[in-house]
Number of protein chains: 2
Amino acid sequence: MATIIDVAKLAGVGIGSVSRVINGKDSVSDKTRLKVNKAIKTLNYKPNQSARSLVSKKFNTIGIWGTELAGTFNSQTLRVIDHELITHQKHCLVTNGDISNSENPNLAIDSVNDLISKGCDGIIFWGTDVTHFDIAYIEKYFPNIVLLNNRIEKFDHKCFYFNHYKAGYIAGQYLVDNGHKSIACITGDFQTEDGRKRHEGFLDSMKDNNITVPSEFIIEGDYSFIKGQEGVMTLLKRNLDFTALFCGNDQSAMSAIATLTGNGFNVPDDISVFGYDDNDIAPFTSPPLSTIRVPFDDMALAAVKYLLNTCYDLQLSVEHNFPVELIERKSVRNLT
Amino acid sequence: MATIIDVAKLAGVGIGSVSRVINGKDSVSDKTRLKVNKAIKTLNYKPNQSARSLVSKKFNTIGIWGTELAGTFNSQTLRVIDHELITHQKHCLVTNGDISNSENPNLAIDSVNDLISKGCDGIIFWGTDVTHFDIAYIEKYFPNIVLLNNRIEKFDHKCFYFNHYKAGYIAGQYLVDNGHKSIACITGDFQTEDGRKRHEGFLDSMKDNNITVPSEFIIEGDYSFIKGQEGVMTLLKRNLDFTALFCGNDQSAMSAIATLTGNGFNVPDDISVFGYDDNDIAPFTSPPLSTIRVPFDDMALAAVKYLLNTCYDLQLSVEHNFPVELIERKSVRNLT
DNA sequence: AAAAAATTTGGAAGCGTTACCAATTATATA
DNA sequence: TATATAATTGGTAACGCTTCCAAATTTTTT
């Protein structure tokens, strides 16, 4: 690999001039610039980023930490993030931060430290797998962080999240408005905060409408296809009388619909189904799924932009408000 | 940030000793190791990776280049890759290599060069968005590459791909074996090589069974949900008489099933549907989808391992053979 | 044409690490 | 105990770059 010295020699100039041409901020005469650029091309010279980072203390890289990479949206979201980074000539270092497969309680922090020392100017913490405690600890020595789909009061301005409570409430209210009084749930994952929040919101909407939801109507899910299927089978076996089913996400809603249909129930005539997320898949279930739109991409974009601003002194405009939107399709029957 | 010098001072040893402790390969006395480790902890010292890379010329990072990040499997596959990398203390630098949004014909190569100069020891090229020509060009000066789900004869050993032709053939033969003679298609994306290959294989199986597939039975798709829906609507409007539908992937199969069902057709009693990929979603369509399993994860794992071996002189065992497997569920009716 | 000011230039210092070598210390052998 | 051998140690050079400063060159002003 050619170095800056090779370029300088070939161009017949000093290394300072080459550096100036590369970085294009100090003044260089046209004559020199031409010579240098020619030499760069001839040698196929690429500046060594390690050397650059060593002296500039900038890595031009943003780390993404999150165990949620396995979800459905996430590759799309990752694409959004990467695209924004590329636009600003930055890179994207990814890690799942496997916090699961070990008894080491510091694994989360360790893997973050790993990411930092590998060379990130900032980190996006994606999802709620990292504890508030850990974040507070990390933030002290590495403040360039942003939380995506997670909320920690203390760092509210660094958090880009969706009001899952409100969304859950709106979903419940919508079902009630359509005349449903007996509603079952296959919830999201209660291990995750947003899973709990949307369920809380839903329950509060029921309460405010004087509807009680017996505990046997509630199946704790985990956002998977399989739980949608299993959940429906369990509900069916319990022989309960419900007219609507609220699912913790669109995937479980999709398999719930398929399972209901497969068991002779018509959706929405016999049972209405309501989803959550507004996945790719939502318009293509049969019937098309009514759901809550969660603007993951918008949130991700805002999070990256915020981080770019803080890491590289940019002035990108950053959205901080992500409204709840209900998408009405055909999976909920109006009983009134 | 503390440096190795700070650690050496605090521990009262030379920087050489600190380096030896960190890297743990040369011999250090227990006494020294203890002192150094204590100092490291006290100062919360993390070795600067840029400095390390600068001298060692290793980055401990593998780049992933591919515009396929938006697909369905891909986040799961990415997770597999990342997990294997973490196991070997390596990192994962991702880029979509946005080759689309510009008139610059060298954008692909540019973005790869970017990845290289940012500091990758090797690169995984994911998908077929990069041309054979570009690969040959890149391989010359950066040989540590691997192709995932792509095949270039010249670099066959560096390619980890699936026999889509054979899989397409087997799918077609399976439908014929079940008594189907009139088969429609919503193909994969003909822009992608694997999309073309699986269709070729399918057509050849028809030919070998003396079945002709009229061109109006074939809808060119693009792996999307929407094309599954649109494709079925088009076929229905054409009023064709087909007993089975072969879809280019499970997503389009899923929405095809939903659309057929929504239009009063029973799957598989009226029309059988066969998918491709064996997605998460496949077992949860209604009826569960019969399909071809594409072992993306196995392929990805093998590709990473191969790259780890070449980049870091490891001896991981690498699979190179990925058999075609037909997954029989309930979406194909036996007409015989 | 000379002096002053502005522009451009070359190259040394320093970033934090590893690799190496010579020097020191500890251990084994005679 | 003296010597040979092995283990451990400290510190310098080198990695390739940017930043800086003083020197050289060009341009402007007088």
# chains A, B, ... in the order shown; residues from 1 in each chain; ligands from 1
>>> calpha_fit_rmsd(fixed="chain B", moving="chain A")
0.3 Å
>>> interface_residues(of="chain C", to="chain B", cutoff="9 Å", atoms="only C-alpha atoms (C1' of nucleotides)", output="ChimeraX atom specification")
/C:15-18
>>> write_last_selection(atoms="C-alpha atoms (C1' of nucleotides)", output="mmCIF file, in the first residue's frame")
data_model
loop_
_atom_site.group_PDB
_atom_site.id
_atom_site.type_symbol
_atom_site.label_atom_id
_atom_site.label_comp_id
_atom_site.auth_asym_id
_atom_site.auth_seq_id
_atom_site.Cartn_x
_atom_site.Cartn_y
_atom_site.Cartn_z
ATOM 1 C "C1'" DC C 15 -0.542 10.576 18.214
ATOM 2 C "C1'" DG C 16 -0.509 5.331 21.090
ATOM 3 C "C1'" DT C 17 0.723 1.176 20.055
ATOM 4 C "C1'" DT C 18 3.781 -3.284 18.941
#
>>> select_by_dssp(residues="segment 76-295 of chain A", states="strand (DSSP E)", output="ChimeraX atom specification")
/A:91-95,122-126,145-148,159-160,183-186,218-219,244-247,272-274,291-293
>>> closest_residue(among="B:Ser17, B:Thr61, B:Asn239, B:Ser29", to="DT25 of chain C", atoms="only C-alpha atoms (C1' of nucleotides)")
B:Ser29
>>> closest_atom_pairs(of="chain D", to="chain A", cutoff="7 Å", atoms="only C-alpha atoms (C1' of nucleotides)", output="JSON lines")
{"residue": "D:DG16", "atom": "C1'", "partner": "A:Ala51", "partner_atom": "CA", "distance": 5.2}
{"residue": "D:DC17", "atom": "C1'", "partner": "A:Ala51", "partner_atom": "CA", "distance": 4.7}
{"residue": "D:DT18", "atom": "C1'", "partner": "A:Val55", "partner_atom": "CA", "distance": 6.2}
>>> closest_atom_pairs(of="chain B", to="chain A", cutoff="6 Å", atoms="only C-alpha atoms", output="JSON lines")
{"residue": "B:Gln49", "atom": "CA", "partner": "A:Lys118", "partner_atom": "CA", "distance": 5.4}
{"residue": "B:Ser50", "atom": "CA", "partner": "A:Ser50", "partner_atom": "CA", "distance": 4.5}
{"residue": "B:Ala51", "atom": "CA", "partner": "A:Leu54", "partner_atom": "CA", "distance": 5.9}
{"residue": "B:Leu54", "atom": "CA", "partner": "A:Ser50", "partner_atom": "CA", "distance": 5.5}
{"residue": "B:Leu69", "atom": "CA", "partner": "A:Ser75", "partner_atom": "CA", "distance": 5.8}
{"residue": "B:Ala70", "atom": "CA", "partner": "A:Gln76", "partner_atom": "CA", "distance": 5.0}
{"residue": "B:Ser75", "atom": "CA", "partner": "A:Ser75", "partner_atom": "CA", "distance": 5.1}
{"residue": "B:Gln76", "atom": "CA", "partner": "A:Ala70", "partner_atom": "CA", "distance": 5.0}
{"residue": "B:Cys92", "atom": "CA", "partner": "A:Val94", "partner_atom": "CA", "distance": 5.6}
{"residue": "B:Leu93", "atom": "CA", "partner": "A:Leu93", "partner_atom": "CA", "distance": 4.6}
{"residue": "B:Val94", "atom": "CA", "partner": "A:Cys92", "partner_atom": "CA", "distance": 5.6}
{"residue": "B:Lys118", "atom": "CA", "partner": "A:Gln49", "partner_atom": "CA", "distance": 5.4}
{"residue": "B:Ser255", "atom": "CA", "partner": "A:Phe284", "partner_atom": "CA", "distance": 5.4}
{"residue": "B:Ala258", "atom": "CA", "partner": "A:Ser286", "partner_atom": "CA", "distance": 4.9}
{"residue": "B:Phe284", "atom": "CA", "partner": "A:Ser255", "partner_atom": "CA", "distance": 5.4}
{"residue": "B:Thr285", "atom": "CA", "partner": "A:Ala258", "partner_atom": "CA", "distance": 5.8}
{"residue": "B:Ser286", "atom": "CA", "partner": "A:Ala258", "partner_atom": "CA", "distance": 4.9}
>>> write_last_selection(atoms="N, CA and C atoms", output="tab-separated table (two decimals), in the first residue's frame")
chain	number	residue	atom	x	y	z
B	49	GLN	N	-7.29	1.35	19.49
B	49	GLN	CA	-7.25	0.41	18.36
B	49	GLN	C	-6.61	1.00	17.13
B	50	SER	N	-6.72	2.30	16.99
B	50	SER	CA	-6.10	2.91	15.81
B	50	SER	C	-4.59	2.73	15.87
B	51	ALA	N	-4.03	2.99	17.04
B	51	ALA	CA	-2.59	2.82	17.20
B	51	ALA	C	-2.21	1.36	16.98
B	54	LEU	N	-2.43	0.54	13.35
B	54	LEU	CA	-1.39	1.23	12.60
B	54	LEU	C	-0.12	0.39	12.56
B	69	LEU	N	-29.43	-5.64	2.33
B	69	LEU	CA	-29.75	-5.51	3.74
B	69	LEU	C	-31.23	-5.27	4.00
B	70	ALA	N	-31.95	-4.92	2.96
B	70	ALA	CA	-33.36	-4.62	3.18
B	70	ALA	C	-34.25	-5.85	3.11
B	75	SER	N	-31.62	-9.59	8.37
B	75	SER	CA	-31.21	-9.20	9.71
B	75	SER	C	-30.83	-10.44	10.51
B	76	GLN	N	-31.52	-11.51	10.27
B	76	GLN	CA	-31.16	-12.77	10.93
B	76	GLN	C	-29.77	-13.23	10.48
B	92	CYS	N	-17.66	-5.87	12.97
B	92	CYS	CA	-18.49	-6.01	11.79
B	92	CYS	C	-18.86	-4.62	11.29
B	93	LEU	N	-18.27	-4.26	10.16
B	93	LEU	CA	-18.50	-2.94	9.58
B	93	LEU	C	-19.44	-3.13	8.40
B	94	VAL	N	-20.54	-2.41	8.44
B	94	VAL	CA	-21.60	-2.68	7.48
B	94	VAL	C	-21.76	-1.54	6.50
B	118	LYS	N	-11.21	2.25	5.40
B	118	LYS	CA	-11.68	2.47	6.76
B	118	LYS	C	-11.06	1.44	7.69
B	255	SER	N	-48.50	-13.48	0.42
B	255	SER	CA	-49.55	-12.55	0.00
B	255	SER	C	-50.38	-13.15	-1.13
B	258	ALA	N	-52.97	-15.14	0.65
B	258	ALA	CA	-53.96	-14.24	1.24
B	258	ALA	C	-54.90	-13.70	0.17
B	284	PHE	N	-46.53	-20.33	9.07
B	284	PHE	CA	-47.66	-19.64	9.68
B	284	PHE	C	-48.63	-19.05	8.69
B	285	THR	N	-48.43	-19.34	7.42
B	285	THR	CA	-49.48	-18.97	6.49
B	285	THR	C	-50.62	-19.97	6.70
B	286	SER	N	-51.72	-19.68	6.08
B	286	SER	CA	-52.86	-20.57	6.24
B	286	SER	C	-53.34	-21.00	4.87
>>> select_by_dssp(residues="segment 117-152 of chain B", states="helix (DSSP H, G or I)", output="number ranges by chain")
B: 117-119, 132-141
>>> decode(residues="segment 79-159 of chain B", atoms="C-alpha atoms", output="mmCIF file, in the first residue's frame")
data_model
loop_
_atom_site.group_PDB
_atom_site.id
_atom_site.type_symbol
_atom_site.label_atom_id
_atom_site.label_comp_id
_atom_site.auth_asym_id
_atom_site.auth_seq_id
_atom_site.Cartn_x
_atom_site.Cartn_y
_atom_site.Cartn_z
ATOM 1 C CA ARG B 79 -26.946 -11.626 13.376
ATOM 2 C CA VAL B 80 -25.374 -14.954 12.547
ATOM 3 C CA ILE B 81 -22.394 -13.231 11.011
ATOM 4 C CA ASP B 82 -21.970 -10.810 13.870
ATOM 5 C CA HIS B 83 -22.234 -13.577 16.408
ATOM 6 C CA GLU B 84 -19.481 -15.570 14.775
ATOM 7 C CA LEU B 85 -17.305 -12.483 14.563
ATOM 8 C CA ILE B 86 -17.826 -11.624 18.217
ATOM 9 C CA THR B 87 -16.836 -15.161 19.131
ATOM 10 C CA HIS B 88 -13.480 -14.436 17.564
ATOM 11 C CA GLN B 89 -13.241 -10.911 18.946
ATOM 12 C CA LYS B 90 -13.775 -9.321 15.613
ATOM 13 C CA HIS B 91 -16.094 -6.558 14.560
ATOM 14 C CA CYS B 92 -18.489 -6.007 11.791
ATOM 15 C CA LEU B 93 -18.496 -2.945 9.578
ATOM 16 C CA VAL B 94 -21.600 -2.682 7.483
ATOM 17 C CA THR B 95 -22.433 -0.801 4.370
ATOM 18 C CA ASN B 96 -25.212 -0.987 1.892
ATOM 19 C CA GLY B 97 -22.972 0.308 -0.821
ATOM 20 C CA ASP B 98 -25.751 2.413 -2.236
ATOM 21 C CA ILE B 99 -25.122 1.805 -5.865
ATOM 22 C CA SER B 100 -28.473 3.117 -6.924
ATOM 23 C CA ASN B 101 -28.772 6.791 -6.134
ATOM 24 C CA SER B 102 -26.105 8.188 -8.382
ATOM 25 C CA GLU B 103 -24.945 8.395 -11.930
ATOM 26 C CA ASN B 104 -21.404 7.533 -10.885
ATOM 27 C CA PRO B 105 -20.659 4.151 -12.469
ATOM 28 C CA ASN B 106 -17.843 3.505 -10.027
ATOM 29 C CA LEU B 107 -19.947 3.947 -6.953
ATOM 30 C CA ALA B 108 -19.794 0.271 -6.093
ATOM 31 C CA ILE B 109 -16.026 0.192 -6.270
ATOM 32 C CA ASP B 110 -15.776 3.493 -4.484
ATOM 33 C CA SER B 111 -17.851 2.311 -1.600
ATOM 34 C CA VAL B 112 -15.809 -0.863 -1.366
ATOM 35 C CA ASN B 113 -12.598 1.137 -1.348
ATOM 36 C CA ASP B 114 -14.124 3.208 1.379
ATOM 37 C CA LEU B 115 -14.735 0.095 3.385
ATOM 38 C CA ILE B 116 -11.206 -1.123 2.802
ATOM 39 C CA SER B 117 -9.506 2.099 3.716
ATOM 40 C CA LYS B 118 -11.679 2.469 6.762
ATOM 41 C CA GLY B 119 -10.004 -0.669 7.976
ATOM 42 C CA CYS B 120 -11.288 -4.102 7.125
ATOM 43 C CA ASP B 121 -9.211 -7.231 7.067
ATOM 44 C CA GLY B 122 -11.731 -8.865 4.798
ATOM 45 C CA ILE B 123 -15.016 -8.198 3.064
ATOM 46 C CA ILE B 124 -18.152 -10.216 2.598
ATOM 47 C CA PHE B 125 -19.941 -9.355 -0.606
ATOM 48 C CA TRP B 126 -23.514 -10.147 -0.002
ATOM 49 C CA GLY B 127 -25.774 -10.738 -2.943
ATOM 50 C CA THR B 128 -25.418 -10.225 -6.633
ATOM 51 C CA ASP B 129 -25.455 -6.455 -6.810
ATOM 52 C CA VAL B 130 -21.777 -6.303 -7.552
ATOM 53 C CA THR B 131 -20.626 -7.202 -11.030
ATOM 54 C CA HIS B 132 -18.169 -9.967 -11.832
ATOM 55 C CA PHE B 133 -15.999 -7.332 -13.391
ATOM 56 C CA ASP B 134 -15.864 -5.253 -10.230
ATOM 57 C CA ILE B 135 -15.077 -8.271 -8.106
ATOM 58 C CA ALA B 136 -12.202 -9.266 -10.327
ATOM 59 C CA TYR B 137 -10.874 -5.736 -10.149
ATOM 60 C CA ILE B 138 -11.136 -5.532 -6.393
ATOM 61 C CA GLU B 139 -9.754 -8.990 -5.785
ATOM 62 C CA LYS B 140 -6.483 -8.002 -7.378
ATOM 63 C CA TYR B 141 -5.522 -5.545 -4.704
ATOM 64 C CA PHE B 142 -7.688 -6.833 -1.905
ATOM 65 C CA PRO B 143 -7.876 -10.613 -2.052
ATOM 66 C CA ASN B 144 -9.527 -11.245 1.308
ATOM 67 C CA ILE B 145 -13.029 -11.386 0.004
ATOM 68 C CA VAL B 146 -15.882 -13.821 0.039
ATOM 69 C CA LEU B 147 -19.086 -13.895 -1.960
ATOM 70 C CA LEU B 148 -22.311 -14.766 -0.242
ATOM 71 C CA ASN B 149 -25.232 -15.942 -2.344
ATOM 72 C CA ASN B 150 -23.341 -15.177 -5.496
ATOM 73 C CA ARG B 151 -21.191 -17.255 -7.762
ATOM 74 C CA ILE B 152 -18.273 -16.285 -9.923
ATOM 75 C CA GLU B 153 -16.586 -19.263 -11.538
ATOM 76 C CA LYS B 154 -13.141 -17.765 -11.294
ATOM 77 C CA PHE B 155 -13.373 -17.480 -7.515
ATOM 78 C CA ASP B 156 -15.460 -20.513 -6.845
ATOM 79 C CA HIS B 157 -13.739 -21.372 -3.573
ATOM 80 C CA LYS B 158 -14.552 -17.901 -2.286
ATOM 81 C CA CYS B 159 -18.207 -18.251 -3.173
#
